[in-house]
Structure formats: C-alpha cells, structure tokens
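Listing of structure-v3.txt; format and content: compact mmCIF, C-alpha atoms.
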# COMPACT_ATOMS: atom_id res chain seq x y z
CA MET S 726 -86.84 -139.56 -5.97
CA VAL S 727 -84.08 -141.39 -4.18
CA ASP S 728 -80.72 -139.64 -4.27
CA GLU S 729 -77.53 -141.52 -4.95
CA PRO S 730 -75.14 -141.60 -2.01
CA LEU S 731 -71.90 -139.66 -1.96
CA VAL S 732 -69.05 -141.94 -3.03
CA ILE S 733 -65.47 -140.84 -2.37
CA ALA S 734 -62.70 -143.18 -3.50
CA GLY S 735 -65.13 -146.10 -3.37
CA GLN S 736 -66.35 -145.29 0.14
CA VAL S 737 -70.09 -144.66 0.40
CA PHE S 738 -71.46 -141.88 2.60
CA SER S 739 -75.07 -140.97 3.32
CA SER S 740 -74.16 -137.52 4.74
CA ARG S 741 -72.93 -134.81 2.42
CA LEU S 742 -71.73 -132.60 5.25
CA ILE S 743 -68.12 -132.89 6.40
CA ILE S 744 -67.18 -130.95 9.50
CA GLY S 745 -63.93 -129.80 11.04
CA THR S 746 -62.82 -130.34 14.61
CA GLY S 747 -61.05 -127.05 15.29
CA LYS S 748 -62.04 -123.98 17.31
CA TYR S 749 -64.66 -125.69 19.48
CA GLU S 750 -64.73 -124.80 23.17
CA THR S 751 -64.21 -128.44 24.06
CA TYR S 752 -63.94 -131.78 22.26
CA GLU S 753 -67.14 -132.73 24.06
CA GLN S 754 -68.96 -129.84 22.35
CA ASN S 755 -67.32 -130.88 19.09
CA ALA S 756 -68.66 -134.42 19.47
CA ARG S 757 -72.19 -133.14 20.09
CA ALA S 758 -71.95 -130.88 17.03
CA ALA S 759 -70.77 -133.77 14.87
CA GLU S 760 -73.74 -135.79 16.00
CA ALA S 761 -76.18 -132.92 15.37
CA ALA S 762 -74.66 -132.39 11.92
CA GLY S 763 -75.07 -136.06 11.09
CA ALA S 764 -71.49 -135.95 9.82
CA GLU S 765 -69.70 -139.16 8.89
CA ILE S 766 -66.36 -137.56 8.04
CA VAL S 767 -64.42 -135.18 10.28
CA THR S 768 -61.25 -133.35 9.37
CA VAL S 769 -58.39 -133.51 11.86
CA ALA S 770 -54.99 -131.89 12.13
CA VAL S 771 -51.64 -133.52 12.91
CA ARG S 772 -49.57 -131.80 15.57
CA ARG S 773 -46.76 -132.50 18.02
CA VAL S 774 -47.99 -134.27 21.15
CA ASN S 775 -48.08 -132.19 24.30
CA LEU S 776 -45.30 -133.62 26.44
CA THR S 777 -45.80 -131.27 29.35
CA ASP S 778 -49.55 -131.60 29.95
CA LYS S 779 -50.33 -135.30 29.78
CA ASP S 780 -53.85 -134.85 31.08
CA LYS S 781 -54.83 -132.76 28.07
CA PRO S 782 -57.91 -134.37 26.47
CA LEU S 783 -57.38 -136.33 23.26
CA LEU S 784 -59.61 -135.90 20.22
CA VAL S 785 -59.83 -139.67 19.69
CA ASP S 786 -61.40 -140.06 23.13
CA TYR S 787 -64.34 -137.87 22.10
CA LEU S 788 -64.75 -138.54 18.38
CA ASP S 789 -64.11 -142.24 18.03
CA PRO S 790 -62.32 -143.05 14.75
CA LYS S 791 -64.46 -146.19 14.65
CA ASN S 792 -67.58 -144.03 14.34
CA TYR S 793 -66.19 -141.22 12.15
CA VAL S 794 -63.94 -141.30 9.13
CA TYR S 795 -60.92 -139.23 10.12
CA LEU S 796 -59.74 -137.01 7.31
CA PRO S 797 -56.25 -135.81 8.24
CA ASN S 798 -55.45 -132.38 6.86
CA THR S 799 -52.28 -130.44 6.14
CA ALA S 800 -53.43 -127.17 7.63
CA GLY S 801 -50.49 -124.89 8.26
CA CYS S 802 -48.38 -126.37 5.45
CA PHE S 803 -46.98 -123.90 2.94
CA THR S 804 -44.95 -126.31 0.80
CA ALA S 805 -45.68 -129.61 -0.90
CA ASP S 806 -42.85 -131.23 1.08
CA ASP S 807 -44.33 -130.20 4.45
CA ALA S 808 -47.76 -131.42 3.40
CA ILE S 809 -46.46 -134.79 2.28
CA ARG S 810 -44.41 -135.22 5.46
CA THR S 811 -47.50 -134.42 7.56
CA LEU S 812 -49.73 -136.86 5.70
CA ARG S 813 -47.21 -139.67 5.90
CA LEU S 814 -47.21 -139.21 9.69
CA ALA S 815 -51.01 -139.13 9.66
CA ARG S 816 -51.13 -142.36 7.70
CA GLU S 817 -48.82 -143.98 10.23
CA ALA S 818 -50.77 -142.61 13.21
CA GLY S 819 -54.17 -143.66 11.97
CA GLY S 820 -53.63 -146.09 9.16
CA TRP S 821 -55.82 -144.11 6.76
CA ASP S 822 -54.91 -143.12 3.25
CA LEU S 823 -57.92 -140.85 2.59
CA VAL S 824 -56.56 -137.35 3.27
CA LYS S 825 -57.29 -133.67 2.82
CA LEU S 826 -54.47 -131.83 1.12
CA GLU S 827 -54.11 -128.10 1.52
CA VAL S 828 -50.99 -126.18 0.62
CA LEU S 829 -51.36 -122.57 1.59
CA SER S 830 -49.73 -119.46 0.21
CA ASP S 831 -49.78 -116.86 2.98
CA GLN S 832 -51.08 -116.39 6.52
CA LYS S 833 -53.31 -113.45 5.69
CA THR S 834 -55.52 -115.18 3.13
CA LEU S 835 -54.64 -118.88 3.56
CA TYR S 836 -55.29 -118.97 -0.17
CA PRO S 837 -54.22 -122.26 -1.74
CA ASP S 838 -50.87 -122.24 -3.55
CA MET S 839 -52.04 -124.13 -6.61
CA ALA S 840 -48.65 -124.89 -8.15
CA GLU S 841 -47.50 -126.54 -4.91
CA THR S 842 -50.91 -128.15 -4.41
CA LEU S 843 -50.76 -129.80 -7.82
CA ARG S 844 -47.19 -130.99 -7.21
CA ALA S 845 -48.15 -132.42 -3.82
CA THR S 846 -51.21 -134.14 -5.31
CA GLU S 847 -49.06 -135.90 -7.92
CA LEU S 848 -46.56 -137.08 -5.32
CA LEU S 849 -49.23 -138.22 -2.84
CA VAL S 850 -51.19 -140.14 -5.49
CA GLU S 851 -47.96 -141.84 -6.51
CA ASP S 852 -47.41 -142.74 -2.85
CA GLY S 853 -50.82 -144.45 -2.63
CA PHE S 854 -52.82 -141.71 -0.92
CA LYS S 855 -56.43 -140.95 -1.80
CA VAL S 856 -56.32 -137.19 -1.98
CA MET S 857 -59.18 -134.78 -1.43
CA VAL S 858 -57.79 -131.40 -2.44
CA TYR S 859 -58.54 -127.97 -1.07
CA CYS S 860 -58.11 -125.70 -4.06
CA SER S 861 -58.94 -122.38 -5.67
CA ASP S 862 -62.12 -122.10 -7.73
CA ASP S 863 -60.10 -122.11 -10.96
CA PRO S 864 -61.67 -124.68 -13.33
CA VAL S 865 -58.37 -125.17 -15.17
CA TYR S 866 -56.47 -126.15 -12.03
CA ALA S 867 -59.46 -128.25 -10.92
CA ARG S 868 -59.15 -130.26 -14.12
CA ARG S 869 -55.43 -130.68 -13.63
CA LEU S 870 -56.00 -131.96 -10.10
CA GLU S 871 -58.48 -134.48 -11.41
CA ASP S 872 -56.05 -135.54 -14.14
CA ALA S 873 -53.42 -135.97 -11.42
CA GLY S 874 -55.69 -138.51 -9.73
CA CYS S 875 -57.31 -136.72 -6.80
CA VAL S 876 -60.48 -138.36 -5.42
CA ALA S 877 -62.35 -135.14 -4.63
CA ILE S 878 -62.02 -131.52 -5.67
CA MET S 879 -62.67 -129.06 -2.85
CA PRO S 880 -62.74 -125.47 -4.08
CA LEU S 881 -63.09 -122.64 -1.61
CA GLY S 882 -66.40 -120.80 -1.43
CA SER S 883 -64.41 -117.92 0.06
CA LEU S 884 -61.38 -117.62 2.34
CA ILE S 885 -60.94 -120.10 5.21
CA GLY S 886 -62.76 -118.93 8.30
CA SER S 887 -64.19 -115.84 6.57
CA GLY S 888 -67.85 -116.86 6.55
CA LEU S 889 -68.36 -114.92 3.31
CA GLY S 890 -70.22 -117.70 1.54
CA VAL S 891 -69.86 -118.78 -2.09
CA GLN S 892 -68.27 -115.76 -3.76
CA ASN S 893 -67.92 -117.19 -7.25
CA PRO S 894 -70.89 -119.44 -7.96
CA VAL S 895 -70.19 -119.36 -11.71
CA ASN S 896 -66.78 -120.98 -11.29
CA ILE S 897 -68.07 -123.51 -8.76
CA ARG S 898 -70.73 -124.49 -11.29
CA LEU S 899 -68.14 -124.82 -14.07
CA ILE S 900 -66.09 -127.12 -11.85
CA VAL S 901 -69.18 -129.21 -10.99
CA GLU S 902 -70.05 -129.60 -14.68
CA GLN S 903 -66.60 -130.70 -15.78
CA SER S 904 -65.68 -133.03 -12.89
CA ASP S 905 -66.08 -136.78 -12.68
CA VAL S 906 -64.97 -136.88 -9.02
CA PRO S 907 -67.03 -135.36 -6.18
CA VAL S 908 -66.86 -131.58 -5.83
CA ILE S 909 -67.10 -130.36 -2.25
CA VAL S 910 -67.14 -126.70 -1.32
CA ASP S 911 -64.53 -126.32 1.38
CA ALA S 912 -64.14 -123.06 3.29
CA GLY S 913 -66.13 -119.87 3.37
CA VAL S 914 -69.54 -121.12 4.46
CA GLY S 915 -70.88 -118.74 7.12
CA THR S 916 -74.46 -119.79 7.67
CA ALA S 917 -77.03 -122.31 6.52
CA SER S 918 -78.05 -120.48 3.34
CA ASP S 919 -74.40 -120.54 2.15
CA ALA S 920 -74.36 -124.32 2.44
CA ALA S 921 -77.67 -124.52 0.58
CA VAL S 922 -76.29 -122.29 -2.21
CA ALA S 923 -73.28 -124.60 -2.63
CA MET S 924 -75.52 -127.64 -2.84
CA GLU S 925 -77.97 -125.95 -5.22
CA LEU S 926 -75.06 -125.39 -7.58
CA GLY S 927 -74.77 -129.17 -7.81
CA CYS S 928 -71.87 -129.72 -5.45
CA ASP S 929 -71.64 -133.19 -3.96
CA GLY S 930 -70.99 -131.95 -0.45
CA VAL S 931 -69.86 -129.15 1.81
CA LEU S 932 -66.98 -129.03 4.29
CA MET S 933 -67.05 -126.50 7.10
CA ASN S 934 -65.53 -125.79 10.48
CA THR S 935 -65.79 -122.20 11.70
CA ALA S 936 -69.42 -121.69 10.67
CA ILE S 937 -70.43 -124.27 13.26
CA ALA S 938 -67.67 -123.88 15.85
CA GLU S 939 -67.99 -120.10 16.12
CA ALA S 940 -71.80 -119.97 15.97
CA GLY S 941 -73.54 -118.69 19.09
CA ASN S 942 -74.96 -122.17 19.55
CA PRO S 943 -72.72 -124.61 17.67
CA ILE S 944 -74.99 -127.61 18.24
CA LEU S 945 -78.02 -125.82 16.82
CA MET S 946 -75.98 -124.49 13.88
CA ALA S 947 -74.72 -128.02 13.19
CA SER S 948 -78.32 -129.15 12.94
CA ALA S 949 -79.15 -126.16 10.69
CA MET S 950 -76.26 -127.09 8.40
CA LYS S 951 -77.48 -130.67 8.16
CA HIS S 952 -80.90 -129.45 7.00
CA ALA S 953 -79.39 -126.82 4.68
CA VAL S 954 -77.24 -129.39 2.90
CA ILE S 955 -80.21 -131.71 2.49
CA ALA S 956 -82.44 -128.83 1.35
CA GLY S 957 -79.87 -127.57 -1.14
CA ARG S 958 -79.31 -131.05 -2.51
CA GLU S 959 -83.02 -131.71 -2.94
CA ALA S 960 -83.54 -128.32 -4.60
CA TYR S 961 -80.71 -129.12 -7.03
CA LEU S 962 -82.18 -132.51 -7.84
CA ALA S 963 -85.69 -131.06 -8.15
CA GLY S 964 -84.52 -128.39 -10.60
CA ARG S 965 -85.46 -124.82 -9.82
CA MET S 966 -88.08 -122.79 -11.68
CA ALA S 967 -86.99 -120.35 -14.36
CA LYS S 968 -86.27 -116.80 -13.24
CA LYS S 969 -88.58 -114.16 -14.74
CA ARG S 970 -88.42 -110.39 -14.88
CA TYR S 971 -92.11 -109.80 -14.19
CA ALA S 972 -94.88 -111.26 -12.07
CA ASP S 973 -96.66 -114.44 -13.02
CA PRO S 974 -99.84 -114.96 -10.96
CA SER S 975 -100.24 -118.22 -9.11
CA SER S 976 -104.05 -117.97 -8.97
CA PRO S 977 -106.13 -118.42 -12.16
CA LEU S 978 -107.21 -115.27 -13.98
CA ALA S 979 -110.42 -116.92 -15.23
CA GLY S 980 -113.52 -116.77 -13.01
CA LEU S 981 -112.62 -113.52 -11.28
CA ILE S 982 -115.69 -111.85 -9.76
CA MET G 1364 -27.30 -139.42 25.85
CA LYS G 1365 -28.91 -136.38 24.31
CA ILE G 1366 -31.78 -136.46 21.83
CA THR G 1367 -34.23 -133.85 20.59
CA ILE G 1368 -37.96 -134.52 20.97
CA ASN G 1369 -40.37 -132.16 19.26
CA GLY G 1370 -37.70 -129.50 19.11
CA GLU G 1371 -36.76 -129.72 22.81
CA PRO G 1372 -33.51 -131.26 24.14
CA HIS G 1373 -33.94 -134.37 26.30
CA GLU G 1374 -31.47 -136.49 28.23
CA ILE G 1375 -32.30 -140.19 28.07
CA GLU G 1376 -30.72 -143.50 29.05
CA GLN G 1377 -28.45 -145.33 26.64
CA GLY G 1378 -30.07 -148.12 24.63
CA LEU G 1379 -33.70 -147.09 24.92
CA SER G 1380 -36.02 -148.18 22.13
CA ILE G 1381 -38.74 -146.01 20.62
CA PHE G 1382 -41.24 -148.20 22.47
CA ASP G 1383 -39.43 -147.50 25.78
CA LEU G 1384 -39.40 -143.79 25.01
CA ALA G 1385 -43.17 -143.74 24.43
CA ALA G 1386 -43.67 -145.61 27.71
CA THR G 1387 -41.39 -143.16 29.55
CA LEU G 1388 -43.39 -140.25 28.14
CA GLU G 1389 -46.66 -142.04 29.02
CA LEU G 1390 -47.84 -142.02 25.42
CA ALA G 1391 -50.12 -144.72 24.02
CA PRO G 1392 -48.28 -146.11 20.97
CA ASP G 1393 -51.53 -146.61 19.05
CA LYS G 1394 -52.43 -142.91 19.27
CA ILE G 1395 -49.19 -141.43 17.96
CA ALA G 1396 -46.82 -141.47 15.01
CA ILE G 1397 -43.08 -141.04 15.30
CA GLU G 1398 -40.47 -139.68 12.96
CA ARG G 1399 -36.80 -140.26 13.63
CA ASN G 1400 -34.38 -138.04 11.74
CA ARG G 1401 -37.13 -137.23 9.21
CA SER G 1402 -37.96 -140.90 8.55
CA ILE G 1403 -41.17 -142.50 9.78
CA VAL G 1404 -40.72 -145.25 12.33
CA PRO G 1405 -43.46 -147.83 11.64
CA ARG G 1406 -45.36 -148.72 14.80
CA SER G 1407 -44.49 -152.38 14.26
CA THR G 1408 -40.80 -151.55 14.70
CA PHE G 1409 -41.05 -149.34 17.84
CA ALA G 1410 -39.64 -152.07 20.08
CA GLU G 1411 -36.66 -152.93 17.93
CA THR G 1412 -35.69 -149.35 16.99
CA ARG G 1413 -32.93 -148.16 19.34
CA LEU G 1414 -32.38 -144.47 19.87
CA CYS G 1415 -28.94 -143.01 19.18
CA ASP G 1416 -27.21 -139.95 20.58
CA GLY G 1417 -28.23 -136.84 18.66
CA ASP G 1418 -31.44 -138.31 17.24
CA HIS G 1419 -34.14 -135.88 16.24
CA ILE G 1420 -37.52 -137.32 17.19
CA GLU G 1421 -40.93 -135.96 16.24
CA ILE G 1422 -43.98 -137.38 18.00
CA VAL G 1423 -47.37 -136.35 16.66
CA CYS G 1424 -51.01 -137.10 17.25
CA PHE G 1425 -54.38 -136.01 15.90
CA VAL G 1426 -55.84 -132.78 17.24
CA GLY G 1427 -58.87 -130.74 16.28
CA GLY G 1428 -58.55 -128.98 12.92
CA GLY G 1429 -60.53 -127.79 9.92
In structure tokens, what does this structure look like?
Amino acid sequence: MVDEPLVIAGQVFSSRLIIGTGKYETYEQNARAAEAAGAEIVTVAVRRVNLTDKDKPLLVDYLDPKNYVYLPNTAGCFTADDAIRTLRLAREAGGWDLVKLEVLSDQKTLYPDMAETLRATELLVEDGFKVMVYCSDDPVYARRLEDAGCVAIMPLGSLIGSGLGVQNPVNIRLIVEQSDVPVIVDAGVGTASDAAVAMELGCDGVLMNTAIAEAGNPILMASAMKHAVIAGREAYLAGRMAKKRYADPSSPLAGLI
Amino acid sequence: MKITINGEPHEIEQGLSIFDLAATLELAPDKIAIERNRSIVPRSTFAETRLCDGDHIEIVCFVGGG
C-alpha cells in the first residue's frame, strides 16, 4: 500500500517528521541530526542579531534554506501582537509565509494561551500567512483554529521539552477525526515509542526538538525517530488487531499430539 | 546622531541609510530583517531609507529554535 504524502498548504512532503533547531551542541550537530531524521522542515526562531560577536556561526550556513523548509516560530511570545510582529520580521528575513504560531501563557508550563492563539491565527491568516498552530489538545479550540483558516493543527502531546509523551491520546484522536487539515503532534515526545504512538493515532506528522537534541546520541535518536514515525504511520494505515482480554493461540489446536 | 539598535544606544553618522548601517555592522542584508520604529523596512528599500536621530532599530536573524 502506497501512502499519500503529507500536504501542508499545498506543499508536498515525503517526511512526516519535523525537527527543531534549538538546544543542539552545535549547528553542525544539528545539521547531521536533520539529515539522519530525514526531515524536510525545520523550525527556527527569530532573534536579535549578535552585534558584539560577529564570528558567531549562523544557522543558515549549516542548514541551507534551499535544502530545508524553514518554519519560523514565535517561541517566547506571550501575546498575539508579539507573535505577529515576530512573524512579519521572519517573513521579511526569509520570504516565507509558512509559519509556526505559538502564543504561550506562562514560563513554567509554556502552555498555549488559546484565546490569544486564536486571535493571532485570525490576524495572520488575514495578513496572508499560512499558519501552523501549536495548540492545546482541546478539540473545540482545534475546530475553531481550523475555521479561522490555519493550515495545520499542532496539539501538544505534553508540555514543551517535558518528554512525557502523548498524555491525552483520546483528545488527539478526536482532533484527528474531526480535522480536514494535517494534525501534527508538537511537543512532548521523549523517545521513539512516543512518536510511534502519535502516528498510530492517525496524526499526519510529529514535530520535536528536545527529544533529539538532548538525547545521549542526537544523531542516532534522529534516526530512531525517523523509523518510529514511519513505523507508527504504517501501523495506523495497516489497522491494528482488536484488543482481547484473554489469550488466543496462534498455533492450531487441531492435530495436537 | 543617536539611535537605538536592539535596545542598545549607538552613535552614528548623519545621513546613513539602513543599507550603510548593515554594512557598518558587517551584516549580510539577505540574512537579516530590520524594523525601524516598529515598522518593517523592506529589504528592497534599505538603500533609500535614511536613519533619523532617535530611531529605534531592531535587527533580527534566524537562530536555532523548536
């Protein structure tokens, strides 16, 4: 069975794994991880240029925007206005209108502020952006984001950087079932099985940063994540067996000696 | 004249353009985006946009992030 590719805002991707570019020891390590992950999209942040240390390495010199789709994020933004300002700068810096919106509520949880997130989505869509939205796993807000015109819904599996996996698979599944745009679990993945769980729920992709960057061997974990996403996707497409309460022998009962 | 760049005060020559400023700071114009007094300065207008005393300039680029 041949799978359909992932299509986000008309762009076709063969990889369903999106990776971040934060927390790596070096950009060089980051580039090797991206390659091992088979990622086609990488998230990036927008920050003030370093005016004092001009020799500081630049991300674009290691992950070429010609080879990877840059997905500018709004990490660190706590209001819709800050997020919109950041993404307008990102659009000017890179010329891309595909963006990752995240409007956070507090430093301790980095939980998405959904009222501000929805407001920012509406304003960004109006301004011509193609918005992939980091959001809570609330199916009602997910529907509102889709109605507002977002191009991908990206509910958290668990808190950003927590590595706690998919904490509410029931809600993720509800969002998958109701959505006509891709659903990508963003945040919370800790190890390969978490990514597989997300994909087995029918998600269209997984976005992760810390699970790879803070692994003992980030390059090997990137490769593991690539396989986990493929495995989870294939398991979802294959359709899992029914769960049973008691044993069901695999060998025939007839002909026993 | 005095301007603010990324929150820090800077003393620059009169009549400099945004393009000149980027050159002075050794920044490649195609790798940055600039905001002047909270409005984006399109890259195509860097050369013709003159800085004024008291301008607040933000210069950003892409860095690693999740």
Contacts of S:Leu731 within 8 Å, all atoms listed in the file, excl. fewer than 5 positions in-chain, as a PyMOL selection string: chain S and resi 737-741+907+929-930
Filtering to C-alpha atoms, could you give me those residues as a tab-separated table (two decimals), in the coordinates of the input?
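The resulting file, again.tsv, is reproduced below:
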chain	number	residue	atom	x	y	z
S	737	VAL	CA	-70.09	-144.66	0.40
S	738	PHE	CA	-71.46	-141.88	2.60
S	739	SER	CA	-75.07	-140.97	3.32
S	740	SER	CA	-74.16	-137.52	4.74
S	741	ARG	CA	-72.93	-134.81	2.42
S	907	PRO	CA	-67.03	-135.36	-6.18
S	929	ASP	CA	-71.64	-133.19	-3.96
S	930	GLY	CA	-70.99	-131.95	-0.45
Quick one: pull the distance between atom CA of S:Leu884 and atom CA of S:Asp852, Å, one decimal. 29.2 Å
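The nearest approach to G:Leu1384 among the residues G:Lys1365, G:Arg1401, G:Arg1406, G:Arg1413, with only C-alpha atoms taken into account, belongs to G:Arg1413.
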Please identify all polymer residues within 7 Å of G:Ile1381, counting only C-alpha atoms, omitting same-chain residues fewer than 4 positions from it, and present them as an MDAnalysis selection string. chainID G and resid 1385 1409:1410 1412:1414
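Among the candidates G:Glu1374, G:Val1426, G:Met1364, G:Leu1379, the residue lying nearest to G:Ile1395 is G:Val1426 (atoms considered: only C-alpha atoms).
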